[in-house]
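Participant: Just coords.csv, nothing more (CSV, C-alpha atoms and all ligand atoms):
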```
chain,number,residue,atom,x,y,z
S,1315,MET,CA,-130.1,16.3,-10.9
S,1316,LYS,CA,-131.3,18.3,-7.8
S,1317,ILE,CA,-129.8,19.2,-4.5
S,1318,THR,CA,-131.8,17.5,-1.7
S,1319,HIS,CA,-130.1,18.3,1.6
S,1320,LEU,CA,-126.9,19.5,3.3
S,1321,GLU,CA,-124.9,18.0,6.2
S,1322,LEU,CA,-122.6,20.2,8.2
S,1323,PHE,CA,-120.0,18.9,10.6
S,1324,HIS,CA,-118.0,21.3,12.9
S,1325,ILE,CA,-114.7,19.5,13.5
S,1326,SER,CA,-111.8,20.3,15.8
S,1327,VAL,CA,-108.5,18.5,15.5
S,1328,PRO,CA,-105.5,19.2,17.7
S,1329,PHE,CA,-102.2,20.3,16.1
S,1330,ALA,CA,-99.3,17.9,16.5
S,1331,GLU,CA,-97.5,20.8,18.2
S,1332,PRO,CA,-98.9,24.2,19.2
S,1333,TYR,CA,-98.7,26.7,16.4
S,1334,HIS,CA,-97.3,30.1,17.5
S,1335,LEU,CA,-98.6,32.9,15.3
S,1336,SER,CA,-98.5,36.7,15.5
S,1337,LYS,CA,-99.9,38.6,18.5
S,1338,ILE,CA,-103.2,39.0,16.5
S,1339,TYR,CA,-103.9,35.3,16.6
S,1340,GLY,CA,-101.7,34.0,19.5
S,1341,THR,CA,-100.9,30.3,19.9
S,1342,GLN,CA,-103.3,27.9,18.2
S,1343,HIS,CA,-103.8,24.4,19.7
S,1344,ASN,CA,-106.7,23.1,17.5
S,1345,ALA,CA,-107.7,23.5,13.9
S,1346,HIS,CA,-111.5,24.1,13.4
S,1347,ALA,CA,-113.4,23.6,10.2
S,1348,VAL,CA,-116.9,23.0,9.0
S,1349,ILE,CA,-117.2,20.0,6.6
S,1350,LEU,CA,-120.0,20.1,4.1
S,1351,LYS,CA,-121.7,17.2,2.4
S,1352,LEU,CA,-124.0,18.5,-0.3
S,1353,HIS,CA,-126.4,15.7,-1.3
S,1354,THR,CA,-128.3,15.2,-4.6
S,1355,ASP,CA,-131.3,13.1,-5.6
S,1356,GLU,CA,-129.0,10.9,-7.7
S,1357,GLY,CA,-127.1,9.7,-4.7
S,1358,LEU,CA,-124.0,11.8,-5.7
S,1359,PHE,CA,-122.7,14.1,-3.0
S,1360,GLY,CA,-120.1,16.9,-3.1
S,1361,LEU,CA,-117.6,17.7,-0.4
S,1362,GLY,CA,-116.8,21.2,0.8
S,1363,GLU,CA,-114.9,22.8,3.7
S,1364,ALA,CA,-115.0,26.1,5.5
S,1365,ASP,CA,-112.0,27.3,7.4
S,1366,PRO,CA,-113.2,30.3,9.5
S,1367,MET,CA,-110.8,31.9,11.9
S,1368,MET,CA,-111.5,35.0,14.0
S,1369,PRO,CA,-110.4,37.8,13.5
S,1370,PHE,CA,-109.0,36.7,10.1
S,1371,THR,CA,-112.2,35.9,8.3
S,1372,ASP,CA,-114.9,37.5,10.5
S,1373,GLU,CA,-116.5,34.0,10.7
S,1374,THR,CA,-116.6,31.2,13.2
S,1375,PRO,CA,-117.8,27.6,12.7
S,1376,GLN,CA,-121.0,28.6,14.4
S,1377,THR,CA,-121.7,31.5,12.0
S,1378,VAL,CA,-120.8,29.3,9.0
S,1379,MET,CA,-123.5,26.8,10.1
S,1380,ALA,CA,-126.1,29.4,10.9
S,1381,VAL,CA,-125.6,31.3,7.6
S,1382,THR,CA,-125.6,28.1,5.6
S,1383,ARG,CA,-128.9,27.1,7.3
S,1384,ASP,CA,-130.6,30.5,7.1
S,1385,ALA,CA,-129.4,32.1,3.9
S,1386,ILE,CA,-127.5,29.6,1.7
S,1387,ALA,CA,-129.4,26.3,1.9
S,1388,PRO,CA,-132.8,27.9,0.9
S,1389,LEU,CA,-131.2,29.0,-2.4
S,1390,LEU,CA,-129.7,25.5,-3.1
S,1391,ILE,CA,-132.2,22.9,-2.2
S,1392,GLY,CA,-134.3,21.8,-5.2
S,1393,ARG,CA,-131.8,23.4,-7.6
S,1394,ASP,CA,-129.5,21.7,-10.2
S,1395,PRO,CA,-126.0,21.6,-8.7
S,1396,VAL,CA,-124.2,21.7,-12.0
S,1397,GLN,CA,-125.6,25.2,-12.8
S,1398,ILE,CA,-122.7,26.7,-10.8
S,1399,ALA,CA,-122.7,30.2,-12.3
S,1400,MET,CA,-126.4,30.7,-11.7
S,1401,LEU,CA,-126.2,29.5,-8.2
S,1402,GLU,CA,-123.2,31.7,-7.4
S,1403,SER,CA,-125.1,34.7,-8.8
S,1404,ALA,CA,-128.1,34.0,-6.6
S,1405,LEU,CA,-125.9,33.6,-3.6
S,1406,ASP,CA,-123.9,36.8,-4.4
S,1407,GLN,CA,-127.2,38.7,-4.5
S,1408,ALA,CA,-128.5,37.3,-1.2
S,1409,ILE,CA,-125.3,37.2,1.0
S,1410,HIS,CA,-122.6,39.7,1.7
S,1411,GLY,CA,-119.3,38.3,3.0
S,1412,ASN,CA,-119.4,35.0,4.8
S,1413,LEU,CA,-116.8,33.9,2.3
S,1414,THR,CA,-115.6,30.7,4.0
S,1415,ALA,CA,-119.3,29.4,4.1
S,1416,ARG,CA,-119.6,30.4,0.4
S,1417,GLY,CA,-116.3,28.7,-0.4
S,1418,ALA,CA,-117.5,25.3,1.1
S,1419,VAL,CA,-120.5,25.4,-1.2
S,1420,ASN,CA,-118.5,26.3,-4.3
S,1421,MET,CA,-116.1,23.4,-3.7
S,1422,ALA,CA,-118.9,21.0,-3.2
S,1423,LEU,CA,-120.6,22.1,-6.4
S,1424,TYR,CA,-117.4,21.5,-8.3
S,1425,ASP,CA,-116.9,18.2,-6.6
S,1426,ILE,CA,-120.4,17.1,-7.9
S,1427,LEU,CA,-119.8,18.5,-11.4
S,1428,GLY,CA,-116.5,16.6,-11.7
S,1429,LYS,CA,-117.9,13.3,-10.3
S,1430,ALA,CA,-121.0,13.6,-12.6
S,1431,ASN,CA,-118.7,14.1,-15.6
S,1432,ASN,CA,-116.0,11.7,-14.5
S,1433,MET,CA,-113.4,14.5,-14.7
S,1434,PRO,CA,-111.1,16.1,-12.2
S,1435,VAL,CA,-112.0,19.7,-11.3
S,1436,ARG,CA,-108.8,21.1,-12.8
S,1437,THR,CA,-109.9,19.8,-16.2
S,1438,LEU,CA,-113.2,21.6,-15.8
S,1439,ILE,CA,-111.5,24.9,-15.0
S,1440,GLY,CA,-108.9,25.0,-17.7
S,1441,GLY,CA,-106.6,22.0,-17.4
S,1442,LEU,CA,-103.3,21.2,-16.0
S,1443,ARG,CA,-100.3,23.5,-16.1
S,1444,HIS,CA,-98.4,22.0,-13.3
S,1445,SER,CA,-98.6,18.3,-12.3
S,1446,LYS,CA,-96.5,18.9,-9.2
S,1447,LEU,CA,-95.8,21.8,-6.9
S,1448,PRO,CA,-93.1,22.3,-4.3
S,1449,LEU,CA,-94.3,22.6,-0.7
S,1450,LEU,CA,-93.9,25.7,1.4
S,1451,GLY,CA,-92.7,24.8,4.9
S,1452,GLY,CA,-94.4,26.6,7.8
S,1453,VAL,CA,-92.3,27.9,10.7
S,1454,GLY,CA,-94.1,29.3,13.8
S,1455,SER,CA,-92.8,32.1,16.0
S,1456,GLY,CA,-90.0,31.2,18.4
S,1457,THR,CA,-86.4,31.9,19.3
S,1458,PRO,CA,-83.6,31.9,16.6
S,1459,GLU,CA,-82.5,28.5,17.8
S,1460,GLU,CA,-86.1,27.1,17.6
S,1461,THR,CA,-86.6,28.6,14.1
S,1462,ILE,CA,-83.4,27.1,12.8
S,1463,ALA,CA,-84.3,23.7,14.3
S,1464,VAL,CA,-87.7,23.6,12.6
S,1465,ILE,CA,-86.2,24.6,9.3
S,1466,GLU,CA,-83.4,21.9,9.6
S,1467,THR,CA,-86.1,19.2,10.2
S,1468,GLN,CA,-88.0,20.2,7.2
S,1469,ILE,CA,-84.9,20.5,4.9
S,1470,GLU,CA,-84.4,16.8,5.6
S,1471,THR,CA,-87.8,16.1,3.9
S,1472,GLY,CA,-86.6,18.1,0.8
S,1473,CYS,CA,-88.3,21.4,1.6
S,1474,GLN,CA,-86.5,24.4,0.3
S,1475,CYS,CA,-88.9,27.3,0.8
S,1476,PHE,CA,-90.1,28.4,4.2
S,1477,MET,CA,-92.8,30.8,5.5
S,1478,ILE,CA,-91.5,32.2,8.8
S,1479,LYS,CA,-94.2,33.5,11.1
S,1480,MET,CA,-93.4,36.8,12.8
S,1481,GLY,CA,-95.4,39.6,14.4
S,1482,ALA,CA,-95.4,38.2,17.9
S,1483,LEU,CA,-92.0,39.3,19.2
S,1484,PRO,CA,-90.3,42.7,19.5
S,1485,ILE,CA,-88.9,43.9,16.2
S,1486,ALA,CA,-85.3,43.6,17.5
S,1487,ASP,CA,-85.9,39.9,18.2
S,1488,GLU,CA,-87.5,39.3,14.8
S,1489,ILE,CA,-84.4,40.9,13.1
S,1490,LYS,CA,-82.2,38.6,15.2
S,1491,ARG,CA,-84.2,35.5,13.9
S,1492,MET,CA,-83.9,36.6,10.3
S,1493,LEU,CA,-80.1,37.3,10.7
S,1494,ALA,CA,-79.6,33.9,12.4
S,1495,VAL,CA,-81.5,32.0,9.7
S,1496,LYS,CA,-79.6,33.7,6.9
S,1497,GLU,CA,-76.3,33.1,8.7
S,1498,ARG,CA,-77.1,29.4,9.1
S,1499,PHE,CA,-78.6,28.7,5.7
S,1500,GLY,CA,-77.4,31.5,3.4
S,1501,ASN,CA,-79.0,31.2,0.0
S,1502,GLN,CA,-79.7,27.5,0.4
S,1503,ILE,CA,-83.4,28.2,1.1
S,1504,ASN,CA,-86.1,30.7,0.1
S,1505,ILE,CA,-87.7,32.7,2.8
S,1506,ILE,CA,-91.1,34.3,3.0
S,1507,ILE,CA,-91.8,36.4,6.1
S,1508,ASP,CA,-95.4,36.5,7.3
S,1509,ALA,CA,-96.1,39.0,10.1
S,1510,ASN,CA,-99.9,38.2,10.0
S,1511,GLN,CA,-100.9,41.8,10.7
S,1512,GLY,CA,-98.7,41.9,13.8
S,1513,TRP,CA,-96.7,45.1,13.0
S,1514,GLU,CA,-97.2,48.8,12.7
S,1515,VAL,CA,-96.0,50.6,9.6
S,1516,ALA,CA,-92.9,51.9,11.5
S,1517,GLU,CA,-92.1,48.4,12.8
S,1518,ALA,CA,-92.3,46.9,9.3
S,1519,LEU,CA,-89.9,49.6,8.0
S,1520,GLU,CA,-87.6,49.0,11.0
S,1521,PHE,CA,-87.5,45.3,10.2
S,1522,ILE,CA,-86.8,45.9,6.5
S,1523,ASP,CA,-84.0,48.3,7.5
S,1524,GLY,CA,-82.6,46.0,10.2
S,1525,ILE,CA,-82.2,42.9,8.1
S,1526,ASN,CA,-79.7,44.7,5.7
S,1527,SER,CA,-78.6,42.3,3.0
S,1528,CYS,CA,-80.6,39.3,4.3
S,1529,ARG,CA,-83.0,39.3,1.4
S,1530,PRO,CA,-86.4,37.6,2.0
S,1531,ASP,CA,-88.1,36.5,-1.2
S,1532,LEU,CA,-91.4,38.1,0.1
S,1533,ILE,CA,-92.9,39.9,3.0
S,1534,GLU,CA,-96.6,39.1,3.7
S,1535,GLN,CA,-99.2,41.1,5.4
S,1536,PRO,CA,-97.0,43.1,7.8
S,1537,ILE,CA,-99.8,45.4,9.0
S,1538,ARG,CA,-103.5,45.3,9.8
S,1539,ARG,CA,-105.7,44.3,6.9
S,1540,TRP,CA,-107.6,47.6,6.5
S,1541,ASP,CA,-104.6,49.8,6.3
S,1542,MET,CA,-104.3,50.3,2.6
S,1543,ASN,CA,-102.3,53.5,2.9
S,1544,GLY,CA,-99.8,51.8,5.2
S,1545,LEU,CA,-99.4,48.9,2.9
S,1546,LYS,CA,-98.7,51.3,0.0
S,1547,ARG,CA,-96.1,53.2,2.1
S,1548,ILE,CA,-94.3,49.9,2.9
S,1549,HIS,CA,-94.5,48.8,-0.7
S,1550,ASP,CA,-93.1,52.1,-1.9
S,1551,MET,CA,-90.2,51.9,0.6
S,1552,SER,CA,-89.4,48.2,0.6
S,1553,PRO,CA,-86.8,46.6,-1.7
S,1554,TYR,CA,-88.5,43.3,-1.2
S,1555,PRO,CA,-91.8,42.1,-2.8
S,1556,LEU,CA,-94.9,42.5,-0.6
S,1557,SER,CA,-98.0,40.2,-0.5
S,1558,ALA,CA,-101.5,40.7,0.7
S,1559,ASP,CA,-103.2,37.9,2.6
S,1560,GLU,CA,-105.7,39.2,5.2
S,1561,SER,CA,-106.1,42.4,3.1
S,1562,LEU,CA,-107.3,40.2,0.2
S,1563,ALA,CA,-110.6,38.5,0.9
S,1564,THR,CA,-113.0,39.7,-1.8
S,1565,ILE,CA,-112.8,40.4,-5.5
S,1566,GLN,CA,-113.2,44.1,-4.7
S,1567,ASP,CA,-110.2,43.9,-2.3
S,1568,ALA,CA,-108.2,42.5,-5.2
S,1569,ALA,CA,-109.3,45.4,-7.5
S,1570,MET,CA,-108.4,48.0,-4.8
S,1571,LEU,CA,-105.0,46.5,-4.1
S,1572,ILE,CA,-104.3,46.5,-7.9
S,1573,ARG,CA,-105.6,50.1,-8.3
S,1574,GLU,CA,-103.5,51.3,-5.4
S,1575,GLN,CA,-100.4,49.3,-6.6
S,1576,ALA,CA,-100.0,48.3,-2.9
S,1577,VAL,CA,-98.5,44.8,-3.4
S,1578,ASP,CA,-96.6,42.5,-5.8
S,1579,VAL,CA,-98.2,39.2,-4.9
S,1580,PHE,CA,-101.7,37.9,-4.0
S,1581,SER,CA,-101.9,35.3,-1.3
S,1582,ILE,CA,-104.8,33.1,-2.5
S,1583,LYS,CA,-106.7,30.8,-0.2
S,1584,VAL,CA,-109.7,29.0,-1.7
S,1585,SER,CA,-111.7,29.0,1.6
S,1586,LYS,CA,-110.8,32.6,2.6
S,1587,ASN,CA,-111.6,33.9,-0.9
S,1588,GLY,CA,-115.0,32.2,-1.2
S,1589,GLY,CA,-114.3,29.1,-3.3
S,1590,ILE,CA,-112.7,28.1,-6.6
S,1591,ASP,CA,-114.5,30.5,-8.9
S,1592,LYS,CA,-113.8,33.7,-6.9
S,1593,SER,CA,-110.2,32.6,-6.2
S,1594,LYS,CA,-109.7,31.9,-9.9
S,1595,LEU,CA,-111.0,35.4,-10.8
S,1596,ILE,CA,-108.7,37.0,-8.3
S,1597,ALA,CA,-105.7,35.0,-9.8
S,1598,GLN,CA,-106.7,36.1,-13.3
S,1599,MET,CA,-106.9,39.7,-12.2
S,1600,ALA,CA,-103.4,39.4,-10.8
S,1601,GLU,CA,-102.2,37.9,-14.0
S,1602,ALA,CA,-103.7,40.7,-16.1
S,1603,PHE,CA,-101.8,43.3,-14.0
S,1604,GLY,CA,-98.5,41.4,-13.7
S,1605,LEU,CA,-98.9,40.2,-10.1
S,1606,LYS,CA,-97.9,36.7,-9.0
S,1607,CYS,CA,-100.0,34.3,-6.8
S,1608,LEU,CA,-98.9,32.4,-3.8
S,1609,MET,CA,-101.3,29.4,-3.2
S,1610,ASN,CA,-101.6,29.8,0.5
S,1611,SER,CA,-103.7,28.1,3.2
S,1612,MET,CA,-105.6,28.7,6.3
S,1613,LEU,CA,-105.3,26.1,9.1
S,1614,GLU,CA,-107.1,23.8,6.8
S,1615,PHE,CA,-107.9,20.1,6.1
S,1616,GLY,CA,-107.7,18.0,3.0
S,1617,ILE,CA,-110.9,19.1,1.2
S,1618,THR,CA,-109.9,22.8,1.0
S,1619,GLN,CA,-106.3,21.8,0.3
S,1620,GLU,CA,-107.5,19.7,-2.6
S,1621,ALA,CA,-109.7,22.4,-4.0
S,1622,SER,CA,-106.8,24.8,-3.7
S,1623,LEU,CA,-104.5,22.3,-5.5
S,1624,GLN,CA,-107.1,21.8,-8.3
S,1625,LEU,CA,-107.0,25.5,-8.9
S,1626,GLY,CA,-103.3,26.1,-8.3
S,1627,CYS,CA,-102.2,23.5,-10.9
S,1628,THR,CA,-104.1,25.4,-13.6
S,1629,LEU,CA,-102.6,28.9,-12.9
S,1630,LEU,CA,-100.0,30.6,-15.1
S,1631,ASN,CA,-98.8,33.3,-12.7
S,1632,LEU,CA,-97.7,31.2,-9.7
S,1633,LEU,CA,-95.0,32.6,-7.5
S,1634,ASP,CA,-91.7,30.8,-8.2
S,1635,SER,CA,-91.5,29.3,-4.7
S,1636,GLY,CA,-93.2,26.7,-2.5
S,1637,HIS,CA,-96.9,26.7,-2.1
S,1638,ALA,CA,-98.9,26.0,1.1
S,1639,TYR,CA,-100.1,22.4,0.6
S,1640,GLY,CA,-98.7,21.0,3.8
S,1641,SER,CA,-101.5,22.2,6.2
S,1642,VAL,CA,-102.6,18.6,7.1
S,1643,LEU,CA,-99.0,17.7,8.1
S,1644,ARG,CA,-99.3,20.2,10.9
S,1645,MET,CA,-102.3,18.3,12.3
S,1646,SER,CA,-102.3,15.4,14.7
S,1647,ASP,CA,-104.7,13.8,12.2
S,1648,ASP,CA,-106.6,14.6,9.0
S,1649,ILE,CA,-110.1,13.5,8.1
S,1650,THR,CA,-109.2,12.9,4.4
S,1651,ASP,CA,-106.5,11.2,2.3
S,1652,PHE,CA,-105.0,14.4,1.0
S,1653,GLY,CA,-101.6,13.7,2.7
S,1654,GLU,CA,-101.1,10.8,0.3
S,1655,ASN,CA,-100.5,13.3,-2.5
S,1656,ILE,CA,-97.4,14.6,-0.6
S,1657,SER,CA,-93.9,13.0,-0.9
S,1658,LYS,CA,-90.5,14.6,-0.2
S,1659,SER,CA,-92.0,18.1,0.1
S,1660,VAL,CA,-93.7,17.9,-3.3
S,1661,VAL,CA,-97.4,17.7,-3.8
S,1662,THR,CA,-98.7,15.7,-6.9
S,1663,VAL,CA,-102.1,16.6,-8.4
S,1664,PRO,CA,-104.4,13.5,-8.4
S,1665,SER,CA,-106.4,12.5,-11.5
S,1666,LEU,CA,-109.6,11.3,-9.7
S,1667,PRO,CA,-113.0,12.7,-10.7
S,1668,GLY,CA,-114.2,15.8,-8.8
S,1669,LEU,CA,-111.9,17.3,-6.1
S,1670,GLY,CA,-110.3,13.8,-5.9
S,1671,VAL,CA,-110.3,13.7,-2.2
S,1672,THR,CA,-111.8,11.0,0.0
S,1673,LEU,CA,-113.4,11.6,3.4
S,1674,ASN,CA,-112.8,9.2,6.2
S,1675,ASP,CA,-116.2,8.9,7.9
S,1676,GLU,CA,-114.9,7.3,11.1
S,1677,LYS,CA,-112.5,10.2,11.6
S,1678,LEU,CA,-115.1,12.7,10.7
S,1679,GLU,CA,-117.4,11.3,13.4
S,1680,LYS,CA,-114.5,11.2,15.9
S,1681,TYR,CA,-113.7,14.9,15.5
S,1682,THR,CA,-117.2,16.3,15.1
S,1683,ARG,CA,-118.3,18.7,17.8
S,1684,ASP,CA,-121.5,19.8,16.3
S,1685,TYR,CA,-123.7,18.5,13.5
S,1686,LEU,CA,-126.5,20.0,11.4
S,1687,LYS,CA,-128.7,18.4,8.7
S,1688,ILE,CA,-130.5,20.9,6.6
S,1689,ASP,CA,-133.4,19.7,4.4
S,1690,GLN,CA,-136.6,21.1,3.0
S,1691,SER,CA,-138.2,20.9,6.5
S,1692,LEU,CA,-135.7,23.4,8.0
S,1693,ILE,CA,-136.0,26.1,5.4
S,1701,MG,MG,-100.5,34.8,5.6
```
Now, as a test, write the supplied structure out as structure tokens.
Ligand SMILES: [Mg+2]
Facilitator:
Amino acid sequence: MKITHLELFHISVPFAEPYHLSKIYGTQHNAHAVILKLHTDEGLFGLGEADPMMPFTDETPQTVMAVTRDAIAPLLIGRDPVQIAMLESALDQAIHGNLTARGAVNMALYDILGKANNMPVRTLIGGLRHSKLPLLGGVGSGTPEETIAVIETQIETGCQCFMIKMGALPIADEIKRMLAVKERFGNQINIIIDANQGWEVAEALEFIDGINSCRPDLIEQPIRRWDMNGLKRIHDMSPYPLSADESLATIQDAAMLIREQAVDVFSIKVSKNGGIDKSKLIAQMAEAFGLKCLMNSMLEFGITQEASLQLGCTLLNLLDSGHAYGSVLRMSDDITDFGENISKSVVTVPSLPGLGVTLNDEKLEKYTRDYLKIDQSLI
């Protein structure tokens, strides 16, 4: 089998409601992604998805398309797609960074491998450890009343673990939100606080001090991603577990976070971390050093979500909480059937070959802003 050509679709889909994040990212109205169809000479094609987001990933849909055309496709066309390790090595040698572009390719290679062997990807990477996972509910920034209302709505669907977005408001207001949520729900729910880089070290410590006995289960990425010393200081002073999301992009980032003992949990995202292989390696590094993994998500669609689920269901060291497989529920529409795996705030792992996700071509066309076909003539 040989790779013949690639198709890239930059899609943009509005959120059902605007999503208020930290001051670093502001309010998001649309989710953007680049969908990859990786074609072979046997008529089989693999699906991949890149979920770039400035300034989180240092990539945009346009850079994903350009890097794929200029640097990635020339190393893929004419090659055997099932030789994933060799292709990854060749790409690693030629390309630094661009992890969401790399992730889309890695997902598509595994989709082809699974379809060619009539096996789900999770069987190819170790086999099932969890057939179902509980969903992590997402709660955007807002007033205490708005925060409680969003949580109440999701509790009705069976959700019991929530990621509350912070980092947009003054610390005194974020403390009030936390106290109000705890007063309303007590220990009925699990809470992860994600400040998405929105705080300074002193603000993070002020928050931790101010919430007193309102114990969150986890605090994620309170400060800017490059501030390893700051992360370590917060970790040393916090009675609550700390996780790295934006600080954890590459395998080398994982090694440094482990070496510095800066966090307790790795927030893994298959697109952000460069695909299934790199994400799995990061998860296994965490396992070896006694860290847990939160299967998290960018603002992503069903292909990345499915790739993440195929990996997450094989891992031993998952955090005992919800995991972020509800990204498509935030959208006004999805271009895949991933949502059919979700019922009552639980996601069930499908048994179909490959990634096990189906693309809706009509919806893909409807939401495509930009299209690029890359074949031998373009490289
Ligand atoms: Mg996060």
Participant: Show me which residues sit within 9 Å of ligand MG 1701 (chain S) when counting all atoms listed in the file, and put them as a ChimeraX atom specification.
Facilitator: /S:1477,1479,1507-1511,1534-1535,1557-1560,1581,1610-1612
Participant: Quick check, in Å to one decimal: how far apart do CA of Glu1488 (chain S) and CA of Gly1340 (chain S) lie?
Facilitator: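 Distance between the two atoms: 15.9 Å.
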Participant: Show me, as CSV, the residues of region 1335-1416 of chain S having an atom within 12 Å of region 1655-1671 of chain S, each with the closest atom pair and its distance in Å, using only C-alpha atoms.
Facilitator:
```
residue,atom,partner,partner_atom,distance
S:Leu1358,CA,S:Gly1668,CA,11.0
S:Phe1359,CA,S:Gly1668,CA,10.4
S:Gly1360,CA,S:Gly1668,CA,8.3
S:Leu1361,CA,S:Leu1669,CA,8.1
S:Gly1362,CA,S:Leu1669,CA,9.3
S:Glu1363,CA,S:Leu1669,CA,11.6
```
Participant: Counting only C-alpha atoms, which residues have an atom no more than 10 Å from (-79.8, 24.7, 0.3) in the file's coordinates? Please list them as a PyMOL selection string.
Facilitator: chain S and resi 1469+1472-1475+1499-1504
Participant: Between S:Asn1412, S:Ser1622, S:Thr1628, S:Ser1326, which residue has the minimum interatomic distance to Asn1344 (chain S), considering only C-alpha atoms?
Facilitator: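 Of S:Asn1412, S:Ser1622, S:Thr1628, S:Ser1326, the one nearest Asn1344 (chain S), counting only C-alpha atoms, is S:Ser1326.
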Participant: Work out how far apart CA of Asp1684 (chain S) and CA of Asp1394 (chain S) are and give it in Å to one decimal.
Facilitator: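 Distance reported for this atom pair: 27.7 Å.
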Participant: How many Å lie between CA of Arg1529 (chain S) and CA of Ile1582 (chain S), rounded to one decimal?
Facilitator: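 Spanning CA of Arg1529 (chain S) to CA of Ile1582 (chain S) is a straight-line distance of 23.0 Å.
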Participant: At a cut-off of 12 Å from (-93.9, 51.7, 13.5) in the coordinates of the file, what residues are picked up using all atoms listed in the file, written as a PDB file with C-alpha atoms, in the coordinates of the input?
Facilitator:
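part.pdb written:
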```pdb
ATOM      1  CA  PRO S1484     -90.300  42.700  19.500  1.00  0.00           C
ATOM      2  CA  ILE S1485     -88.900  43.900  16.200  1.00  0.00           C
ATOM      3  CA  GLY S1512     -98.700  41.900  13.800  1.00  0.00           C
ATOM      4  CA  TRP S1513     -96.700  45.100  13.000  1.00  0.00           C
ATOM      5  CA  GLU S1514     -97.200  48.800  12.700  1.00  0.00           C
ATOM      6  CA  VAL S1515     -96.000  50.600   9.600  1.00  0.00           C
ATOM      7  CA  ALA S1516     -92.900  51.900  11.500  1.00  0.00           C
ATOM      8  CA  GLU S1517     -92.100  48.400  12.800  1.00  0.00           C
ATOM      9  CA  ALA S1518     -92.300  46.900   9.300  1.00  0.00           C
ATOM     10  CA  LEU S1519     -89.900  49.600   8.000  1.00  0.00           C
ATOM     11  CA  GLU S1520     -87.600  49.000  11.000  1.00  0.00           C
ATOM     12  CA  PHE S1521     -87.500  45.300  10.200  1.00  0.00           C
ATOM     13  CA  ILE S1522     -86.800  45.900   6.500  1.00  0.00           C
ATOM     14  CA  PRO S1536     -97.000  43.100   7.800  1.00  0.00           C
ATOM     15  CA  ILE S1537     -99.800  45.400   9.000  1.00  0.00           C
ATOM     16  CA  GLY S1544     -99.800  51.800   5.200  1.00  0.00           C
ATOM     17  CA  ARG S1547     -96.100  53.200   2.100  1.00  0.00           C
ATOM     18  CA  ILE S1548     -94.300  49.900   2.900  1.00  0.00           C
TER      19      ILE S1548
END
```
Participant: Measuring atom to atom with all atoms listed in the file, identify which of S:His1353, S:Arg1383, S:Lys1337, S:Lys1446 is nearest to Tyr1685 (chain S).
Facilitator: S:Arg1383
Participant: Using all atoms listed in the file, which protein or nucleic acid residues come within 9 Å of Lys1677 (chain S)? Drop anything in the same chain fewer than 2 positions from it, and give the result as a list in words.
Facilitator: Asp1647, Asp1648, Ile1649, Thr1650, Leu1673, Asn1674, Asp1675, Glu1679, Lys1680, Tyr1681 and Thr1682 of chain S
Participant: Here is a test: counting all atoms listed in the file, which residue of S:Tyr1339, S:Trp1540, S:Tyr1424, S:Phe1603 is nearest to Ile1617 (chain S)?
Facilitator: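 Of the candidates, the smallest distance to Ile1617 (chain S) is held by S:Tyr1424.
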Participant: Smallest atom-to-atom distance to Lys1583 (chain S): which of S:Leu1438, S:Ala1602, S:Leu1413, S:Val1642, using all atoms listed in the file?
Facilitator: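 Closest to Lys1583 (chain S), using all atoms listed in the file: S:Leu1413.
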Participant: Given the choices S:Pro1369, S:Gly1524, S:Gly1452, S:Gly1392, which gets closest to Leu1320 (chain S) if the distance is worked out from all atoms listed in the file?
Facilitator: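 Residue with the minimum atom-to-atom distance to Leu1320 (chain S): S:Gly1392.
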Participant: Residues near Gly1589 (chain S), anyone? I mean within 7 Å using only C-alpha atoms, not counting same-chain ones fewer than 6 positions away, as a list of chain:residue names.
Facilitator: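 The filter keeps S:Arg1416, S:Gly1417, S:Ala1418, S:Asn1420, S:Met1421.
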Participant: Which is closest to Gly1653 (chain S) among S:Thr1672, S:Ser1635, S:Ser1691, S:Asn1543, if we use only C-alpha atoms?
Facilitator: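 Of all the options, S:Thr1672 lies closest to Gly1653 (chain S).
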Participant: At a cut-off of 7 Å, using only C-alpha atoms, what residues contact Tyr1333 (chain S)? Leave out same-chain residues fewer than 3 positions from it and give the result as a list in words.
Facilitator: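 Final neighbour list, sorted by chain and number: Thr1341, Gln1342, His1343 and Gly1454 of chain S.
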Participant: Would you save the residues of that selection, restricted to C-alpha atoms, as a PDB file, in the frame of the given file?
Facilitator:
```pdb
ATOM      1  CA  THR S1341    -100.900  30.300  19.900  1.00  0.00           C
ATOM      2  CA  GLN S1342    -103.300  27.900  18.200  1.00  0.00           C
ATOM      3  CA  HIS S1343    -103.800  24.400  19.700  1.00  0.00           C
ATOM      4  CA  GLY S1454     -94.100  29.300  13.800  1.00  0.00           C
TER       5      GLY S1454
END
```
Participant: Excluding His1410 (chain S) and any residue of its chain fewer than 2 positions from it, enumerate the residues within 12 Å of it, using only C-alpha atoms, and give them as a ChimeraX atom specification.
Facilitator: /S:1372,1381,1385-1386,1403-1408,1412-1416,1564,1588
Participant: What's around Met1492 (chain S) at 10 Å? Count only C-alpha atoms, leave out sequence neighbours fewer than 4 positions away in its own chain, and write the answer as number ranges by chain.
Facilitator: S: 1458, 1461-1462, 1478, 1480, 1487-1488, 1496-1498, 1505, 1507, 1521, 1524-1525, 1528-1530
